[in-house]
file model.tsv (TSV, C-alpha atoms)
chain	number	residue	atom	x	y	z
F	1	MET	CA	0.00	0.00	0.00
F	2	ILE	CA	2.71	2.50	0.97
F	3	ALA	CA	4.91	1.22	-1.87
F	4	GLN	CA	2.11	1.79	-4.42
F	5	ARG	CA	1.61	5.29	-3.04
F	6	GLN	CA	5.33	6.03	-3.47
F	7	VAL	CA	5.49	4.65	-7.03
F	8	CYS	CA	2.44	6.72	-7.89
F	9	ALA	CA	4.08	9.85	-6.45
F	10	THR	CA	7.30	9.14	-8.37
F	11	ASN	CA	5.38	8.74	-11.63
F	12	MET	CA	3.50	11.95	-10.98
F	13	ALA	CA	6.74	13.82	-10.22
F	14	SER	CA	8.21	12.59	-13.52
F	15	LEU	CA	5.16	13.86	-15.38
F	16	GLY	CA	5.51	17.19	-13.58
F	17	LYS	CA	9.10	17.51	-14.77
F	18	ALA	CA	7.95	16.66	-18.29
F	19	MET	CA	5.35	19.45	-18.05
F	20	LEU	CA	8.07	21.94	-17.10
F	21	ILE	CA	10.26	20.77	-20.00
F	22	TYR	CA	7.29	21.18	-22.35
F	23	ALA	CA	6.52	24.65	-20.95
F	24	ASN	CA	10.15	25.67	-21.33
F	25	ASP	CA	10.02	24.75	-25.02
F	26	TYR	CA	6.61	26.37	-25.62
F	27	ASP	CA	6.78	29.87	-24.11
F	28	ASN	CA	5.76	28.76	-20.59
F	29	LYS	CA	2.57	27.15	-21.90
F	30	PHE	CA	1.45	23.72	-20.78
F	31	PRO	CA	0.05	21.16	-23.23
F	32	THR	CA	-3.64	21.48	-24.04
F	33	SER	CA	-5.84	19.71	-21.51
F	34	SER	CA	-7.42	17.62	-24.28
F	35	GLU	CA	-4.08	16.20	-25.47
F	36	TRP	CA	-1.69	16.49	-22.53
F	37	CYS	CA	-0.79	12.79	-22.32
F	38	ASP	CA	-0.11	12.50	-26.05
F	39	LEU	CA	1.86	15.74	-26.16
F	40	LEU	CA	4.07	14.80	-23.21
F	41	ILE	CA	4.91	11.48	-24.87
F	42	LYS	CA	5.59	13.14	-28.22
F	43	HIS	CA	7.63	16.11	-26.98
F	44	THR	CA	9.34	14.98	-23.78
F	45	GLY	CA	9.96	11.27	-24.19
F	46	VAL	CA	8.02	10.05	-21.15
F	47	ASN	CA	6.70	6.53	-21.51
F	48	GLU	CA	3.15	5.29	-21.04
F	49	ARG	CA	4.05	3.43	-17.85
F	50	MET	CA	4.57	6.77	-16.04
F	51	PHE	CA	0.89	7.55	-16.47
F	52	CYS	CA	-0.21	4.60	-14.34
F	53	CYS	CA	-0.58	4.56	-10.55
F	54	GLY	CA	0.10	1.12	-9.10
F	55	GLY	CA	-3.09	1.37	-7.09
F	56	THR	CA	-5.28	1.80	-10.18
F	57	PHE	CA	-7.31	-1.23	-11.21
F	58	GLY	CA	-5.52	-2.58	-14.28
F	59	CYS	CA	-2.10	-1.41	-13.13
F	60	ARG	CA	-0.39	-4.10	-11.12
F	61	GLY	CA	3.27	-4.97	-10.85
F	62	THR	CA	5.15	-4.30	-14.07
F	63	ARG	CA	2.12	-4.63	-16.35
F	64	CYS	CA	-0.31	-1.90	-17.22
F	65	TYR	CA	-3.48	-3.27	-18.79
F	66	LYS	CA	-4.78	-0.96	-21.46
F	67	GLY	CA	-8.20	0.62	-21.29
F	68	VAL	CA	-10.74	0.95	-24.09
F	69	SER	CA	-8.71	3.69	-25.80
F	70	GLY	CA	-5.66	1.41	-25.82
F	71	LYS	CA	-3.99	3.62	-23.21
F	72	LEU	CA	-4.41	4.03	-19.49
F	73	CYS	CA	-3.73	7.06	-17.32
F	74	SER	CA	-4.48	7.33	-13.61
F	75	TYR	CA	-4.13	11.11	-13.59
F	76	ALA	CA	-5.98	14.16	-14.83
F	77	MET	CA	-4.85	17.71	-15.51
F	78	ASN	CA	-6.52	20.59	-13.66
F	79	LYS	CA	-8.78	22.15	-16.31
F	80	ASN	CA	-8.05	25.63	-14.92
F	81	ILE	CA	-4.30	25.43	-15.49
F	82	GLU	CA	-4.05	25.36	-19.29
F	83	GLU	CA	-4.40	29.10	-19.87
F	84	LEU	CA	-2.04	29.98	-17.03
F	85	GLY	CA	0.76	27.59	-17.93
F	86	ALA	CA	3.93	27.73	-15.85
F	87	LYS	CA	2.87	31.16	-14.57
F	88	ALA	CA	0.15	29.58	-12.40
F	89	PRO	CA	0.56	29.91	-8.62
F	90	PRO	CA	2.99	27.30	-7.27
F	91	ASP	CA	0.42	25.89	-4.81
F	92	MET	CA	-2.24	25.32	-7.46
F	93	VAL	CA	-3.16	21.74	-8.43
F	94	LEU	CA	-1.62	20.63	-11.73
F	95	PHE	CA	-2.29	16.86	-11.72
F	96	PHE	CA	-4.42	14.68	-9.49
F	97	GLU	CA	-5.56	11.09	-9.39
F	98	THR	CA	-8.69	10.03	-11.21
F	99	LYS	CA	-10.34	6.92	-12.60
F	100	PRO	CA	-8.49	5.40	-15.59
F	101	GLY	CA	-8.73	7.27	-18.87
F	102	TRP	CA	-6.49	9.20	-21.28
F	103	ASN	CA	-5.97	12.96	-21.74
F	104	GLN	CA	-8.40	13.63	-18.91
F	105	SER	CA	-8.91	17.06	-17.41
F	106	GLY	CA	-11.28	18.46	-14.86
F	107	GLY	CA	-11.39	19.33	-11.21
F	108	PRO	CA	-12.42	17.90	-7.87
F	109	GLU	CA	-15.52	16.36	-9.45
F	110	ILE	CA	-13.38	13.64	-11.12
F	111	LEU	CA	-10.75	13.24	-8.37
F	112	THR	CA	-10.66	9.78	-6.81
F	113	THR	CA	-9.22	8.28	-3.66
F	114	ASP	CA	-10.00	4.74	-4.87
F	115	ASN	CA	-6.38	4.07	-5.89
F	116	HIS	CA	-5.32	4.27	-2.23
F	117	GLN	CA	-8.18	2.52	-0.41
F	118	GLY	CA	-10.08	5.77	0.10
F	119	GLU	CA	-7.37	7.23	2.33
F	120	GLY	CA	-6.47	10.06	-0.06
F	121	CYS	CA	-4.66	10.67	-3.32
F	122	ASN	CA	-1.42	12.03	-4.71
F	123	VAL	CA	-1.54	15.57	-6.07
F	124	LEU	CA	1.11	17.37	-8.11
F	125	PHE	CA	1.28	21.12	-7.69
F	126	VAL	CA	2.58	23.63	-10.24
F	127	ASP	CA	5.88	23.91	-8.35
F	128	SER	CA	6.45	20.15	-9.04
F	129	TYR	CA	5.82	19.18	-5.42
F	130	VAL	CA	3.89	15.92	-5.01
F	131	GLN	CA	1.90	15.41	-1.85
F	132	PHE	CA	-0.34	12.62	-0.62
F	133	VAL	CA	-3.47	14.49	0.42
F	134	LYS	CA	-5.71	12.75	2.93
F	135	THR	CA	-9.38	12.48	2.03
F	136	GLU	CA	-10.41	14.93	4.74
F	137	ASP	CA	-8.01	17.59	3.36
F	138	ILE	CA	-9.00	17.41	-0.32
F	139	ASN	CA	-11.41	20.36	0.02
F	140	ASN	CA	-8.42	22.56	0.94
F	141	LEU	CA	-6.74	22.16	-2.47
F	142	LYS	CA	-6.33	25.21	-4.71
F	143	TRP	CA	-7.99	24.59	-8.09
F	144	THR	CA	-8.27	28.18	-9.40
F	145	VAL	CA	-6.27	31.40	-9.11
F	146	GLU	CA	-9.10	33.15	-7.26
F	147	GLN	CA	-9.47	30.39	-4.66
F	148	LYS	CA	-7.82	30.99	-1.31
F	149	LYS	CA	-5.92	28.08	0.11

call {"tool": "encode", "arguments": {"input": "model.tsv", "output": "structure tokens"}}
result
Amino acid sequence: MIAQRQVCATNMASLGKAMLIYANDYDNKFPTSSEWCDLLIKHTGVNERMFCCGGTFGCRGTRCYKGVSGKLCSYAMNKNIEELGAKAPPDMVLFFETKPGWNQSGGPEILTTDNHQGEGCNVLFVDSYVQFVKTEDINNLKWTVEQKK
């Protein structure tokens, strides 16, 4: 359980670094929220395995079972981040855990704690910091610029 949480956090941190590399190459803009997985693979060289949390159903051990789209991602991009890019506040949510999909974006309405037995989820912030956020603290996350933390 703790090991899955750590692997998930490591994968998320790698994706965060890929986002910063992408933003550096594209005038501080992040990939579009509708293609972020595909664009990170194409432009930064991350592999599909980094998109899978070990706690996600279908992701166990060294195998990642593909979803209907042929690809599986345990994470979603904050829909409010695309326009801000790397200029977003450092404590704003960039990626969070969600049910399996591909190129997903949204907000707290699609966040899941299912990957970690309902105890919480990993969240990547704009400053590349990954934190395991307990279920009772999820409402304190910053999803928009206007929102106070």

call {"tool": "residues_around", "arguments": {"input": "model.tsv", "residues": "Lys79 (chain F)", "least_positions_apart": "3", "cutoff": "9 Å", "atoms": "only C-alpha atoms", "output": "VMD selection string"}}
result
chain F and resid 33 76 82 to 83 94 104 to 107 143

call {"tool": "residues_around", "arguments": {"input": "model.tsv", "residues": "region 128-136 of chain F", "least_positions_apart": "6", "cutoff": "9 Å", "atoms": "all atoms listed in the file", "output": "PDB file with C-alpha atoms, keeping the file's coordinate frame"}}
result
ATOM      1  CA  ARG F   5       1.610   5.290  -3.040  1.00  0.00           C
ATOM      2  CA  ALA F   9       4.080   9.850  -6.450  1.00  0.00           C
ATOM      3  CA  THR F  10       7.300   9.140  -8.370  1.00  0.00           C
ATOM      4  CA  MET F  12       3.500  11.950 -10.980  1.00  0.00           C
ATOM      5  CA  ALA F  13       6.740  13.820 -10.220  1.00  0.00           C
ATOM      6  CA  SER F  14       8.210  12.590 -13.520  1.00  0.00           C
ATOM      7  CA  GLY F  16       5.510  17.190 -13.580  1.00  0.00           C
ATOM      8  CA  LYS F  17       9.100  17.510 -14.770  1.00  0.00           C
ATOM      9  CA  LEU F  20       8.070  21.940 -17.100  1.00  0.00           C
ATOM     10  CA  PRO F  90       2.990  27.300  -7.270  1.00  0.00           C
ATOM     11  CA  ASP F  91       0.420  25.890  -4.810  1.00  0.00           C
ATOM     12  CA  LEU F  94      -1.620  20.630 -11.730  1.00  0.00           C
ATOM     13  CA  THR F 113      -9.220   8.280  -3.660  1.00  0.00           C
ATOM     14  CA  GLY F 118     -10.080   5.770   0.100  1.00  0.00           C
ATOM     15  CA  GLU F 119      -7.370   7.230   2.330  1.00  0.00           C
ATOM     16  CA  GLY F 120      -6.470  10.060  -0.060  1.00  0.00           C
ATOM     17  CA  CYS F 121      -4.660  10.670  -3.320  1.00  0.00           C
ATOM     18  CA  ASN F 122      -1.420  12.030  -4.710  1.00  0.00           C
TER      19      ASN F 122
END

call {"tool": "atom_distance", "arguments": {"input": "model.tsv", "atom1": "CA of Val145 (chain F)", "atom2": "CA of Glu35 (chain F)"}}
result
22.4 Å

call {"tool": "closest_residue", "arguments": {"input": "model.tsv", "among": "F:Leu15, F:Cys53, F:Met92, F:Ile138", "to": "Cys37 (chain F)", "atoms": "all atoms listed in the file"}}
result
F:Leu15

call {"tool": "atom_distance", "arguments": {"input": "model.tsv", "atom1": "CA of Phe30 (chain F)", "atom2": "CA of Lys42 (chain F)"}}
result
13.6 Å

call {"tool": "axis_aligned_box", "arguments": {"input": "model.tsv", "around": "region 124-135 of chain F", "padding_each_side": "5 Å", "output": "AutoDock Vina command-line options"}}
result
--center_x -1.5 --center_y 18.2 --center_z -3.7 --size_x 25.8 --size_y 21.4 --size_z 23.2

call {"tool": "closest_residue", "arguments": {"input": "model.tsv", "among": "F:Val126, F:Leu141, F:Ala18, F:Val46", "to": "Ile81 (chain F)", "atoms": "only C-alpha atoms"}}
result
F:Val126

call {"tool": "atom_distance", "arguments": {"input": "model.tsv", "atom1": "CA of Cys8 (chain F)", "atom2": "CA of Cys52 (chain F)"}}
result
7.3 Å

call {"tool": "residues_around", "arguments": {"input": "model.tsv", "residues": "Ile110 (chain F)", "least_positions_apart": "4", "cutoff": "12 Å", "atoms": "only C-alpha atoms", "output": "PyMOL selection string"}}
result
chain F and resi 74-79+95-101+104-106+114

call {"tool": "residues_around", "arguments": {"input": "model.tsv", "residues": "Gln4 (chain F)", "least_positions_apart": "2", "cutoff": "9 Å", "atoms": "all atoms listed in the file", "output": "list in words"}}
result
Met1, Ile2, Gln6, Val7, Cys8, Ala9, Cys53, Gly54, Gly55, Asn115 and His116 of chain F

call {"tool": "residues_around", "arguments": {"input": "model.tsv", "residues": "Tyr22 (chain F)", "least_positions_apart": "2", "cutoff": "10 Å", "atoms": "only C-alpha atoms", "output": "PDB file with C-alpha atoms, keeping the file's coordinate frame"}}
result
ATOM      1  CA  GLY F  16       5.510  17.190 -13.580  1.00  0.00           C
ATOM      2  CA  LYS F  17       9.100  17.510 -14.770  1.00  0.00           C
ATOM      3  CA  ALA F  18       7.950  16.660 -18.290  1.00  0.00           C
ATOM      4  CA  MET F  19       5.350  19.450 -18.050  1.00  0.00           C
ATOM      5  CA  LEU F  20       8.070  21.940 -17.100  1.00  0.00           C
ATOM      6  CA  ASN F  24      10.150  25.670 -21.330  1.00  0.00           C
ATOM      7  CA  ASP F  25      10.020  24.750 -25.020  1.00  0.00           C
ATOM      8  CA  TYR F  26       6.610  26.370 -25.620  1.00  0.00           C
ATOM      9  CA  ASP F  27       6.780  29.870 -24.110  1.00  0.00           C
ATOM     10  CA  ASN F  28       5.760  28.760 -20.590  1.00  0.00           C
ATOM     11  CA  LYS F  29       2.570  27.150 -21.900  1.00  0.00           C
ATOM     12  CA  PHE F  30       1.450  23.720 -20.780  1.00  0.00           C
ATOM     13  CA  PRO F  31       0.050  21.160 -23.230  1.00  0.00           C
ATOM     14  CA  LEU F  39       1.860  15.740 -26.160  1.00  0.00           C
ATOM     15  CA  LEU F  40       4.070  14.800 -23.210  1.00  0.00           C
ATOM     16  CA  HIS F  43       7.630  16.110 -26.980  1.00  0.00           C
ATOM     17  CA  THR F  44       9.340  14.980 -23.780  1.00  0.00           C
ATOM     18  CA  ALA F  86       3.930  27.730 -15.850  1.00  0.00           C
TER      19      ALA F  86
END

call {"tool": "closest_residue", "arguments": {"input": "model.tsv", "among": "F:Phe51, F:Val123, F:Asn140, F:Glu146", "to": "Val93 (chain F)", "atoms": "all atoms listed in the file"}}
result
F:Val123

call {"tool": "closest_residue", "arguments": {"input": "model.tsv", "among": "F:Gly45, F:Trp102, F:Pro89, F:Ala23", "to": "Lys142 (chain F)", "atoms": "only C-alpha atoms"}}
result
F:Pro89

call {"tool": "closest_residue", "arguments": {"input": "model.tsv", "among": "F:Asn139, F:Thr144, F:Thr32, F:Asn11", "to": "Arg49 (chain F)", "atoms": "all atoms listed in the file"}}
result
F:Asn11

call {"tool": "closest_residue", "arguments": {"input": "model.tsv", "among": "F:Ala3, F:Gly85, F:Asn103, F:Gln117", "to": "Ile41 (chain F)", "atoms": "all atoms listed in the file"}}
result
F:Asn103
